[in-house]
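S.K.: For reference, this is start-v8.cif, and it has mmCIF, C-alpha atoms.
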data_query
loop_
_atom_site.label_atom_id
_atom_site.label_comp_id
_atom_site.auth_asym_id
_atom_site.auth_seq_id
_atom_site.Cartn_x
_atom_site.Cartn_y
_atom_site.Cartn_z
CA MET A 289 0.72 -40.15 -6.45
CA GLU A 290 -0.06 -36.77 -7.99
CA LYS A 291 -3.61 -36.31 -9.20
CA ALA A 292 -5.36 -33.63 -11.22
CA VAL A 293 -7.25 -30.94 -9.30
CA LEU A 294 -10.86 -30.84 -10.53
CA GLY A 295 -9.66 -31.99 -13.92
CA VAL A 296 -7.76 -28.78 -14.55
CA ASN A 297 -4.32 -29.05 -16.11
CA PRO A 298 -1.50 -28.43 -15.46
CA TRP A 299 -2.07 -28.30 -11.67
CA LYS A 300 -1.48 -31.50 -9.72
CA PHE A 301 -2.51 -32.14 -6.14
CA ILE A 302 -0.85 -34.27 -3.48
CA PRO A 303 -2.89 -34.66 -0.27
CA TYR A 304 -0.77 -34.06 2.80
CA THR A 305 -1.38 -33.31 6.47
CA ALA A 306 1.00 -32.19 9.19
CA ALA A 307 0.27 -35.36 11.15
CA LYS A 308 2.50 -37.19 8.64
CA THR A 309 5.57 -35.17 9.59
CA LYS A 310 7.94 -36.15 12.38
CA ASN A 311 8.85 -32.60 13.39
CA PRO A 312 9.11 -32.81 17.20
CA THR A 313 8.55 -29.05 17.67
CA GLY A 314 5.21 -29.00 15.86
CA MET A 315 6.37 -25.95 13.85
CA TYR A 316 6.37 -25.70 10.08
CA SER A 317 9.20 -27.33 8.14
CA ARG A 318 10.11 -26.27 4.59
CA ARG A 319 11.78 -29.59 3.72
CA LYS A 320 8.85 -31.27 1.98
CA LEU A 321 7.90 -28.10 0.06
CA LEU A 322 11.39 -27.56 -1.34
CA SER A 323 11.79 -31.24 -2.23
CA PHE A 324 9.64 -30.70 -5.34
CA ASN A 325 12.46 -28.53 -6.76
CA CYS A 326 10.25 -25.73 -8.08
CA HIS A 327 11.44 -22.17 -8.64
CA ILE A 328 8.41 -20.65 -6.89
CA ASN A 329 7.52 -22.08 -3.48
CA MET A 330 4.48 -20.87 -1.57
CA VAL A 331 3.04 -21.82 1.80
CA ILE A 332 -0.35 -20.75 3.12
CA GLY A 333 -1.28 -21.57 6.68
CA ALA A 334 -2.21 -20.25 10.09
CA ARG A 335 -0.15 -17.49 11.65
CA ARG A 336 2.54 -18.34 14.21
CA MET A 337 3.09 -21.80 12.75
CA GLY A 338 6.67 -20.95 11.71
CA LYS A 339 6.38 -20.13 7.98
CA THR A 340 8.43 -16.92 8.14
CA PHE A 341 10.87 -18.46 10.60
CA THR A 342 11.78 -21.37 8.33
CA PHE A 343 12.26 -19.15 5.27
CA ARG A 344 14.46 -16.73 7.21
CA GLU A 345 16.54 -19.74 8.25
CA GLN A 346 16.71 -20.77 4.59
CA VAL A 347 17.98 -17.45 3.22
CA PHE A 348 20.34 -16.83 6.15
CA ASN A 349 22.06 -20.18 5.61
CA ALA A 350 22.17 -19.73 1.84
CA PHE A 351 24.17 -16.55 2.41
CA LEU A 352 26.37 -17.97 5.15
CA GLU A 353 27.25 -21.15 3.26
CA LYS A 354 27.19 -20.05 -0.39
CA GLY A 355 27.24 -16.25 -0.35
CA GLU A 356 23.78 -16.16 -1.99
CA LYS A 357 21.99 -12.86 -1.46
CA PHE A 358 18.24 -12.32 -1.11
CA VAL A 359 15.47 -9.73 -1.18
CA TRP A 360 12.93 -9.80 1.62
CA MET A 361 9.69 -8.30 0.34
CA ARG A 362 6.59 -6.93 2.06
CA ASP A 363 3.52 -5.33 0.53
CA ASN A 364 4.19 -1.68 1.42
CA ASP A 365 6.82 0.68 2.75
CA GLU A 366 5.22 0.88 6.19
CA ALA A 367 5.73 -2.86 6.68
CA ARG A 368 9.31 -2.51 5.47
CA LYS A 369 10.02 0.29 7.94
CA LYS A 370 8.66 -1.80 10.83
CA LEU A 371 11.15 -4.54 10.01
CA SER A 372 13.94 -1.95 9.94
CA LEU A 373 13.22 -0.58 13.43
CA ASN A 374 15.98 -0.95 16.00
CA ASN A 375 18.42 -2.04 13.30
CA GLY A 376 16.16 -4.92 12.31
CA ALA A 377 15.91 -6.47 15.78
CA ASN A 378 12.50 -7.97 14.98
CA PHE A 379 13.71 -9.43 11.68
CA PHE A 380 16.59 -11.23 13.38
CA LYS A 381 14.71 -12.29 16.50
CA ASN A 382 14.91 -15.96 17.45
CA TRP A 383 17.98 -16.53 15.31
CA GLN A 384 19.46 -18.50 18.21
CA SER A 385 16.71 -21.09 17.64
CA MET A 386 17.69 -21.54 13.99
CA ARG A 387 20.14 -24.07 12.67
CA LEU A 388 22.66 -21.61 11.26
CA ASN A 389 26.21 -22.22 10.11
CA GLY A 390 28.47 -19.40 11.28
CA PHE A 391 25.93 -16.68 12.11
CA GLU A 392 27.32 -14.03 14.49
CA THR A 393 25.44 -10.77 13.98
CA GLY A 394 22.56 -9.44 11.94
CA GLU A 395 21.19 -5.94 11.39
CA ILE A 396 19.29 -3.78 8.94
CA ARG A 397 20.48 -0.37 7.85
CA GLY A 398 17.78 1.36 5.87
CA GLU A 399 16.99 -1.20 3.18
CA VAL A 400 20.22 -3.18 3.43
CA ILE A 401 20.29 -6.46 5.37
CA LEU A 402 23.67 -7.24 6.93
CA ILE A 403 24.84 -10.60 8.28
CA ASN A 404 28.21 -10.73 10.02
CA GLY A 405 28.77 -7.18 8.82
CA LYS A 406 28.38 -8.06 5.12
CA THR A 407 25.54 -7.24 2.74
CA ALA A 408 23.30 -10.30 2.62
CA GLY A 409 20.22 -8.81 1.03
CA TYR A 410 17.70 -6.00 0.82
CA LEU A 411 14.23 -5.08 2.06
CA GLN A 412 11.77 -3.97 -0.60
CA PRO A 413 8.07 -3.06 -0.65
CA SER A 414 6.22 -4.43 -3.67
CA SER A 415 4.01 -1.32 -3.81
CA THR A 416 6.92 0.84 -4.99
CA PHE A 417 8.55 -1.59 -7.46
CA GLN A 418 8.79 1.19 -10.05
CA ASN A 419 11.38 2.99 -7.88
CA TYR A 420 13.90 0.19 -8.26
CA LYS A 421 16.05 -0.95 -11.14
CA GLY A 422 16.82 -4.57 -11.89
CA SER A 423 20.52 -3.82 -12.16
CA GLU A 424 20.59 -3.07 -8.45
CA TYR A 425 19.76 -6.72 -7.73
CA ILE A 426 21.94 -8.49 -10.26
CA ASP A 427 23.49 -10.69 -7.55
CA ILE A 428 20.19 -11.71 -5.92
CA THR A 429 19.46 -15.44 -5.82
CA THR A 430 16.26 -15.60 -3.74
CA ILE A 431 13.16 -13.46 -3.22
CA CYS A 432 11.03 -14.04 -0.13
CA TYR A 433 7.65 -12.29 -0.24
CA ASP A 434 6.28 -12.47 3.30
CA GLU A 435 2.48 -12.20 3.69
CA PHE A 436 1.62 -11.82 0.02
CA ILE A 437 -2.12 -12.23 0.74
CA LYS A 438 -3.48 -9.22 2.60
CA GLU A 439 -5.88 -9.83 5.43
CA LEU A 440 -9.54 -9.26 4.64
CA ASN A 441 -9.88 -6.56 7.29
CA ARG A 442 -7.04 -4.49 5.86
CA ASN A 443 -6.94 -2.04 2.98
CA LYS A 444 -6.34 -3.72 -0.37
CA ASN A 445 -4.98 -2.52 -3.65
CA ALA A 446 -6.86 -3.56 -6.78
CA ASN A 447 -3.51 -4.09 -8.49
CA GLU A 448 -2.00 -6.44 -5.90
CA ALA A 449 -1.14 -9.18 -8.40
CA TRP A 450 0.37 -6.59 -10.76
CA GLU A 451 2.57 -5.23 -7.95
CA ILE A 452 3.75 -8.69 -6.90
CA ILE A 453 4.65 -9.82 -10.39
CA ASN A 454 6.29 -6.56 -11.42
CA SER A 455 8.35 -6.28 -8.25
CA MET A 456 9.62 -9.82 -8.80
CA TYR A 457 10.42 -9.06 -12.42
CA THR A 458 12.31 -5.95 -11.32
CA ILE A 459 14.59 -8.20 -9.28
CA MET A 460 14.80 -11.36 -11.37
CA SER A 461 14.42 -9.78 -14.82
CA THR A 462 14.96 -12.47 -17.50
CA ARG A 463 17.00 -14.85 -15.35
CA GLN A 464 16.07 -18.52 -15.55
CA ASN A 465 17.65 -19.53 -12.25
CA GLY A 466 16.77 -18.44 -8.75
CA ARG A 467 14.11 -19.12 -6.16
CA ILE A 468 10.98 -17.30 -4.99
CA LEU A 469 9.54 -18.06 -1.56
CA MET A 470 6.11 -16.77 -0.55
CA THR A 471 4.10 -16.96 2.67
CA ALA A 472 0.54 -16.07 3.61
CA ASN A 473 -2.03 -16.64 6.30
CA ALA A 474 -5.04 -18.56 4.99
CA LEU A 475 -7.43 -15.66 4.60
CA ASP A 476 -8.64 -14.95 1.10
CA LYS A 477 -9.48 -17.63 -1.41
CA GLY A 478 -10.26 -14.96 -3.99
CA ASN A 479 -6.77 -13.46 -3.83
CA SER A 480 -5.84 -11.84 -7.13
CA PHE A 481 -2.42 -13.50 -7.36
CA LEU A 482 -3.91 -16.99 -6.90
CA SER A 483 -6.42 -16.08 -9.58
CA VAL A 484 -3.68 -14.99 -12.00
CA ILE A 485 -1.84 -18.30 -11.68
CA GLY A 486 -5.14 -20.19 -12.06
CA LEU A 487 -5.10 -21.99 -8.73
CA ASN A 488 -8.20 -23.03 -6.80
CA VAL A 489 -7.08 -24.16 -3.34
CA LYS A 490 -9.31 -26.53 -1.41
CA GLU A 491 -7.81 -29.43 0.52
CA TYR A 492 -4.66 -29.47 2.63
CA GLY A 493 -1.66 -30.56 0.63
CA PHE A 494 0.67 -29.61 -2.22
CA TYR A 495 -0.46 -27.97 -5.48
CA ILE A 496 2.18 -28.35 -8.19
CA ASN A 497 2.39 -26.77 -11.63
CA ARG A 498 5.48 -28.08 -13.44
CA GLU A 499 4.97 -25.80 -16.44
CA LYS A 500 5.17 -22.72 -14.22
CA SER A 501 7.56 -24.37 -11.75
CA ILE A 502 5.27 -23.54 -8.82
CA CYS A 503 4.62 -25.55 -5.67
CA LEU A 504 2.07 -24.24 -3.19
CA HIS A 505 1.58 -25.90 0.17
CA TYR A 506 -1.78 -25.33 1.83
CA ALA A 507 -0.71 -26.39 5.30
CA ASP A 508 -2.74 -27.46 8.26
CA ASN A 509 -1.34 -27.24 11.79
CA HIS A 510 0.77 -29.95 13.33
CA PRO A 511 -1.17 -31.68 16.16
CA LYS A 512 1.38 -30.47 18.74
CA PHE A 513 1.07 -26.87 17.57
CA ARG A 514 -2.73 -27.19 17.51
CA GLU A 515 -2.66 -28.32 21.13
CA GLN A 516 -0.54 -25.30 22.08
CA GLN A 517 -3.05 -23.02 20.35
CA GLN A 518 -6.01 -24.52 22.17
CA LYS A 519 -4.36 -24.08 25.56
CA SER A 520 -3.35 -20.47 24.94
CA ILE A 521 -5.24 -17.48 26.32
CA VAL A 522 -6.61 -16.54 22.90
CA GLY A 523 -7.32 -20.18 22.12
CA ARG A 524 -9.57 -20.45 25.16
CA LEU A 525 -11.16 -17.11 24.29
CA ILE A 526 -12.31 -18.16 20.81
CA ALA A 527 -12.87 -21.89 21.45
CA GLY A 528 -16.12 -22.96 19.82
CA THR A 529 -16.62 -19.62 18.06
CA SER A 530 -16.77 -18.73 14.39
CA MET A 531 -13.19 -17.43 14.55
CA GLU A 532 -11.55 -20.69 15.62
CA SER A 533 -11.47 -22.47 12.26
CA ASN A 534 -9.93 -19.51 10.45
CA LEU A 535 -7.34 -18.54 13.03
CA PHE A 536 -6.27 -22.01 14.15
CA ASP A 537 -7.17 -24.29 11.24
CA SER A 538 -6.14 -21.87 8.46
CA GLU A 539 -9.48 -22.18 6.71
CA PHE A 540 -10.38 -19.67 4.02
CA ILE A 541 -13.05 -17.02 4.34
CA GLY A 542 -14.24 -14.67 1.66
CA GLU A 543 -15.40 -11.09 1.26
CA SER A 544 -19.06 -12.05 1.65
CA ASP A 545 -18.34 -13.32 5.16
CA LEU A 546 -17.43 -9.80 6.33
CA TYR A 547 -20.98 -8.42 6.38
CA PHE A 548 -23.98 -8.89 8.66
CA GLN A 549 -27.63 -7.96 8.28
CA LYS A 550 -28.76 -7.91 11.89
CA LEU A 551 -26.91 -7.37 15.17
CA PRO A 552 -26.84 -10.43 17.45
CA SER A 553 -29.42 -10.18 20.23
CA LYS A 554 -26.76 -10.19 22.96
CA SER A 555 -24.42 -7.65 21.37
CA LYS A 556 -23.57 -4.56 23.41
CA ILE A 557 -22.29 -1.16 22.41
CA TYR A 558 -18.51 -1.10 22.71
CA ILE A 559 -17.56 2.39 21.58
CA ILE A 560 -18.75 5.12 19.22
CA ILE A 561 -16.21 6.98 17.10
CA ASP A 562 -17.96 10.33 17.24
CA ASP A 563 -16.02 12.19 14.55
CA LEU A 564 -16.32 9.26 12.11
CA SER A 565 -20.01 8.57 12.89
CA ILE A 566 -19.18 4.90 13.48
CA ARG A 567 -20.61 2.61 16.15
CA ILE A 568 -18.87 -0.57 17.21
CA TYR A 569 -20.86 -3.27 18.97
CA ARG A 570 -19.36 -6.36 20.54
CA SER A 571 -20.59 -9.89 21.09
CA GLN A 572 -18.82 -12.98 22.40
CA ASP A 573 -16.31 -13.30 19.57
CA CYS A 574 -16.78 -10.41 17.20
CA PHE A 575 -17.00 -6.65 16.69
CA TYR A 576 -19.88 -5.27 14.60
CA VAL A 577 -19.45 -1.93 12.84
CA ILE A 578 -22.44 0.20 11.82
CA GLU A 579 -23.14 3.85 11.12
CA ASP A 580 -23.89 6.09 14.09
CA PHE A 581 -27.51 6.98 13.38
CA ASN A 582 -28.17 9.05 16.54
CA SER A 583 -25.41 11.39 17.68
CA ASP A 584 -27.29 12.31 20.87
CA SER A 585 -27.32 8.82 22.38
CA TYR A 586 -24.87 6.81 24.48
CA ASP A 587 -23.05 9.53 26.40
CA GLY A 588 -19.92 8.05 27.93
CA LYS A 589 -19.36 5.71 25.00
CA ARG A 590 -18.24 8.37 22.54
CA TYR A 591 -14.60 8.90 21.58
CA ALA A 592 -12.71 10.98 19.05
CA TYR A 593 -10.49 9.26 16.49
CA ASP A 594 -8.74 12.56 15.74
CA MET A 595 -7.11 14.19 18.77
CA GLY A 596 -8.18 17.58 17.43
CA GLN A 597 -11.83 16.52 17.75
CA ALA A 598 -11.51 15.46 21.41
CA ARG A 599 -13.50 17.53 23.90
CA VAL A 600 -15.33 17.30 27.22
CA GLY A 601 -17.47 14.16 27.14
CA VAL A 602 -15.73 12.88 23.99
CA PRO A 603 -12.15 11.91 24.95
CA TYR A 604 -9.43 10.85 22.53
CA LEU A 605 -9.63 7.16 21.61
CA SER A 606 -7.37 5.34 24.06
CA LYS A 607 -4.42 3.12 23.26
CA VAL A 608 -6.24 0.15 24.80
CA HIS A 609 -9.21 0.62 22.47
CA ARG A 610 -6.91 0.90 19.47
CA GLN A 611 -5.04 -2.26 20.47
CA TRP A 612 -8.29 -4.21 20.78
CA ILE A 613 -9.45 -2.98 17.38
CA LYS A 614 -6.10 -3.86 15.83
CA PHE A 615 -6.24 -7.37 17.35
CA ALA A 616 -9.80 -7.87 16.06
CA MET A 617 -8.86 -6.71 12.55
CA GLU A 618 -5.78 -8.92 12.36
CA ASN A 619 -7.80 -11.94 13.43
CA ASN A 620 -10.86 -11.29 11.23
CA MET A 621 -13.11 -10.57 14.19
CA VAL A 622 -14.73 -7.50 12.62
CA LEU A 623 -17.97 -7.57 10.62
CA TYR A 624 -19.60 -4.63 8.82
CA HIS A 625 -23.16 -3.59 8.13
CA THR A 626 -22.43 -2.32 4.61
CA PRO A 627 -19.49 -2.07 2.19
CA PHE A 628 -19.65 1.73 2.63
CA ILE A 629 -19.14 1.54 6.41
CA ARG A 630 -16.33 -0.99 5.91
CA LYS A 631 -14.51 1.35 3.55
CA LYS A 632 -14.89 4.26 5.98
CA PHE A 633 -13.59 2.10 8.83
CA LEU A 634 -10.58 0.78 6.91
CA ASP A 635 -9.72 4.19 5.48
CA ASN A 636 -9.15 5.41 9.03
CA PHE A 637 -7.99 2.41 11.05
CA LYS A 638 -4.60 1.71 9.46
CA PHE A 639 -2.07 -0.14 11.60
#
Now, as a test, write the supplied structure out as structure tokens.

M.R.:
Amino acid sequence: MEKAVLGVNPWKFIPYTAAKTKNPTGMYSRRKLLSFNCHINMVIGARRMGKTFTFREQVFNAFLEKGEKFVWMRDNDEARKKLSLNNGANFFKNWQSMRLNGFETGEIRGEVILINGKTAGYLQPSSTFQNYKGSEYIDITTICYDEFIKELNRNKNANEAWEIINSMYTIMSTRQNGRILMTANALDKGNSFLSVIGLNVKEYGFYINREKSICLHYADNHPKFREQQQKSIVGRLIAGTSMESNLFDSEFIGESDLYFQKLPSKSKIYIIIDDLSIRIYRSQDCFYVIEDFNSDSYDGKRYAYDMGQARVGVPYLSKVHRQWIKFAMENNMVLYHTPFIRKKFLDNFKF
């Protein structure tokens, strides 16, 4: 039975855990979410659980069976371009594992998504919604906004909610029919879009607003998928650490959790970005970023972020270092001494 969430109308909450599903693969299934017949369907959960996969399967089949076209949306043009690389090979990966009716080929040419050689949809970044006209999308039935909540360790735009809503309006305009699908990793409870729609997410389950025709699923991991995570290389690496609940149990963390006051006693210097005056320490499960307060110390640990600043004794920051930093940022394994040092770090480390 639906029940009110903290006495706030019109949101209703239905408790639900993945253990109730009979999905033998342990991956996410959209069936329960879509059964509420809402126009806007959102799922928030841990990465790699199959959220994007199941929505790609949904829009591919809608085109193959009914000719319904879609827009696949990301937050910026860089993300869009990554999906377009190699004719969209990454976007269409694993299609053989989907239950598709008549799929033969798929590719992306610029911003146009082709299935079986026919236009099935378009890629669009929400950050440049003003460059598009609604008339260009008059035949669009579905919008899928993938990763609408930005990770805490990535640059954010103060107008994120404005961009999301306006980009959707650009496509849907005043239409009363259609479907919006949205995915996110469980990272930021204070997300501006969740704030705009007045939703306070707490327990695992479905949050339904019939007035707005929204259903949001805050999804935990299926026990089989959880077991796969625990046995993985990264799962063993972070087992028992502060990162495990966020990465594997899709628990929320907030901005205040990104800062530290004192370095852990066992932390060791990892690298110093000499030209940015940034030091990065490392402990068991986290990187700690502080300002470089003594430029004459730690010879052999100093690197240049900018190739033009590289010199004898201060080599260019290696690909391996950059990959480790990227991994730590994507998995919320970076803490900062001050908001100022965080801004400096994020202004430079953009992946």

S.K.: Between CA of Tyr410 in chain A and CA of Tyr506 in chain A, what is the distance in Å, rounded to a tenth?

M.R.: 27.5 Å

S.K.: What gap, in Å, lies between CA of Thr471 in chain A and CA of Arg387 in chain A?

M.R.: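 Computing it gives 20.2 Å between the two atoms.
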
S.K.: So that all listed atoms of range 315-319 of chain A fit with 5 Å spare on each side, what axis-aligned box centre and edge lengths in Å, to one decimal, would you give as JSON?

M.R.:
{"center_x": 9.1, "center_y": -27.6, "center_z": 8.8, "size_x": 15.4, "size_y": 13.9, "size_z": 20.1}

S.K.: Which one is closest to Gly398 in chain A: A:Lys369, A:Asn378, A:Pro413, A:Arg467? Count all atoms listed in the file.

M.R.: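 For Gly398 in chain A, the nearest of the candidates is A:Lys369.
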
S.K.: Which residues are near range 558-570 of chain A? Cut-off 7 Å, all atoms listed in the file, ignore same chain within fewer than 5 positions. Put them as number ranges by chain.

M.R.: A: 575-580, 589-593, 597

S.K.: Figure out the distance between CA of Gly390 in chain A and CA of Ile431 in chain A, please, to one decimal in Å.

M.R.: 21.9 Å

S.K.: Take range 479-490 of chain A, bring it up to all heavy atoms, and give me the output as a JSON list (two decimals), in the frame of the given file.

M.R.:
[["chain", "number", "residue", "atom", "x", "y", "z"],
["A", 479, "ASN", "N", -7.95, -14.30, -3.64],
["A", 479, "ASN", "CA", -6.77, -13.46, -3.83],
["A", 479, "ASN", "C", -6.42, -13.33, -5.31],
["A", 479, "ASN", "O", -6.45, -14.30, -6.06],
["A", 479, "ASN", "CB", -5.60, -14.05, -3.05],
["A", 479, "ASN", "CG", -4.29, -13.35, -3.34],
["A", 479, "ASN", "OD1", -3.48, -13.85, -4.10],
["A", 479, "ASN", "ND2", -4.09, -12.19, -2.76],
["A", 480, "SER", "N", -6.07, -12.10, -5.71],
["A", 480, "SER", "CA", -5.84, -11.84, -7.13],
["A", 480, "SER", "C", -4.64, -12.60, -7.68],
["A", 480, "SER", "O", -4.65, -13.02, -8.83],
["A", 480, "SER", "CB", -5.66, -10.33, -7.36],
["A", 480, "SER", "OG", -4.56, -9.84, -6.62],
["A", 481, "PHE", "N", -3.60, -12.79, -6.87],
["A", 481, "PHE", "CA", -2.42, -13.50, -7.36],
["A", 481, "PHE", "C", -2.75, -14.97, -7.60],
["A", 481, "PHE", "O", -2.33, -15.54, -8.62],
["A", 481, "PHE", "CB", -1.27, -13.37, -6.36],
["A", 481, "PHE", "CG", 0.01, -13.99, -6.86],
["A", 481, "PHE", "CD1", 0.79, -13.36, -7.80],
["A", 481, "PHE", "CD2", 0.43, -15.22, -6.37],
["A", 481, "PHE", "CE1", 1.98, -13.94, -8.27],
["A", 481, "PHE", "CE2", 1.60, -15.81, -6.83],
["A", 481, "PHE", "CZ", 2.38, -15.16, -7.78],
["A", 482, "LEU", "N", -3.50, -15.60, -6.69],
["A", 482, "LEU", "CA", -3.91, -16.99, -6.90],
["A", 482, "LEU", "C", -4.77, -17.10, -8.14],
["A", 482, "LEU", "O", -4.69, -18.09, -8.88],
["A", 482, "LEU", "CB", -4.67, -17.51, -5.67],
["A", 482, "LEU", "CG", -3.89, -17.61, -4.36],
["A", 482, "LEU", "CD1", -4.78, -18.18, -3.27],
["A", 482, "LEU", "CD2", -2.63, -18.46, -4.52],
["A", 483, "SER", "N", -5.58, -16.07, -8.39],
["A", 483, "SER", "CA", -6.42, -16.08, -9.58],
["A", 483, "SER", "C", -5.57, -15.99, -10.85],
["A", 483, "SER", "O", -5.85, -16.68, -11.84],
["A", 483, "SER", "CB", -7.40, -14.90, -9.53],
["A", 483, "SER", "OG", -8.19, -14.84, -10.69],
["A", 484, "VAL", "N", -4.54, -15.16, -10.83],
["A", 484, "VAL", "CA", -3.68, -14.99, -12.00],
["A", 484, "VAL", "C", -2.99, -16.30, -12.38],
["A", 484, "VAL", "O", -2.88, -16.63, -13.56],
["A", 484, "VAL", "CB", -2.63, -13.88, -11.75],
["A", 484, "VAL", "CG1", -1.51, -13.93, -12.78],
["A", 484, "VAL", "CG2", -3.29, -12.51, -11.77],
["A", 485, "ILE", "N", -2.54, -17.05, -11.37],
["A", 485, "ILE", "CA", -1.84, -18.30, -11.68],
["A", 485, "ILE", "C", -2.82, -19.46, -11.87],
["A", 485, "ILE", "O", -2.41, -20.60, -12.11],
["A", 485, "ILE", "CB", -0.80, -18.66, -10.60],
["A", 485, "ILE", "CG1", -1.45, -18.91, -9.24],
["A", 485, "ILE", "CG2", 0.25, -17.56, -10.50],
["A", 485, "ILE", "CD1", -0.47, -19.36, -8.16],
["A", 486, "GLY", "N", -4.12, -19.18, -11.75],
["A", 486, "GLY", "CA", -5.14, -20.19, -12.06],
["A", 486, "GLY", "C", -5.26, -21.29, -11.05],
["A", 486, "GLY", "O", -5.54, -22.44, -11.40],
["A", 487, "LEU", "N", -5.09, -20.96, -9.77],
["A", 487, "LEU", "CA", -5.10, -21.99, -8.73],
["A", 487, "LEU", "C", -6.32, -21.87, -7.83],
["A", 487, "LEU", "O", -6.59, -20.80, -7.27],
["A", 487, "LEU", "CB", -3.83, -21.90, -7.88],
["A", 487, "LEU", "CG", -3.70, -22.92, -6.74],
["A", 487, "LEU", "CD1", -3.84, -24.34, -7.26],
["A", 487, "LEU", "CD2", -2.37, -22.74, -6.04],
["A", 488, "ASN", "N", -7.06, -22.95, -7.69],
["A", 488, "ASN", "CA", -8.20, -23.03, -6.80],
["A", 488, "ASN", "C", -7.84, -23.95, -5.64],
["A", 488, "ASN", "O", -7.80, -25.17, -5.80],
["A", 488, "ASN", "CB", -9.43, -23.55, -7.54],
["A", 488, "ASN", "CG", -10.65, -23.62, -6.65],
["A", 488, "ASN", "OD1", -10.75, -22.92, -5.65],
["A", 488, "ASN", "ND2", -11.60, -24.48, -7.02],
["A", 489, "VAL", "N", -7.55, -23.38, -4.49],
["A", 489, "VAL", "CA", -7.08, -24.16, -3.34],
["A", 489, "VAL", "C", -8.27, -24.67, -2.54],
["A", 489, "VAL", "O", -9.18, -23.90, -2.20],
["A", 489, "VAL", "CB", -6.18, -23.29, -2.44],
["A", 489, "VAL", "CG1", -5.71, -24.10, -1.24],
["A", 489, "VAL", "CG2", -4.99, -22.77, -3.23],
["A", 490, "LYS", "N", -8.24, -25.95, -2.22],
["A", 490, "LYS", "CA", -9.31, -26.53, -1.41],
["A", 490, "LYS", "C", -8.77, -27.34, -0.24],
["A", 490, "LYS", "O", -8.80, -26.92, 0.90],
["A", 490, "LYS", "CB", -10.23, -27.39, -2.28],
["A", 490, "LYS", "CG", -11.16, -26.57, -3.18],
["A", 490, "LYS", "CD", -12.28, -27.43, -3.73],
["A", 490, "LYS", "CE", -13.31, -26.55, -4.45],
["A", 490, "LYS", "NZ", -14.45, -27.35, -4.92]]
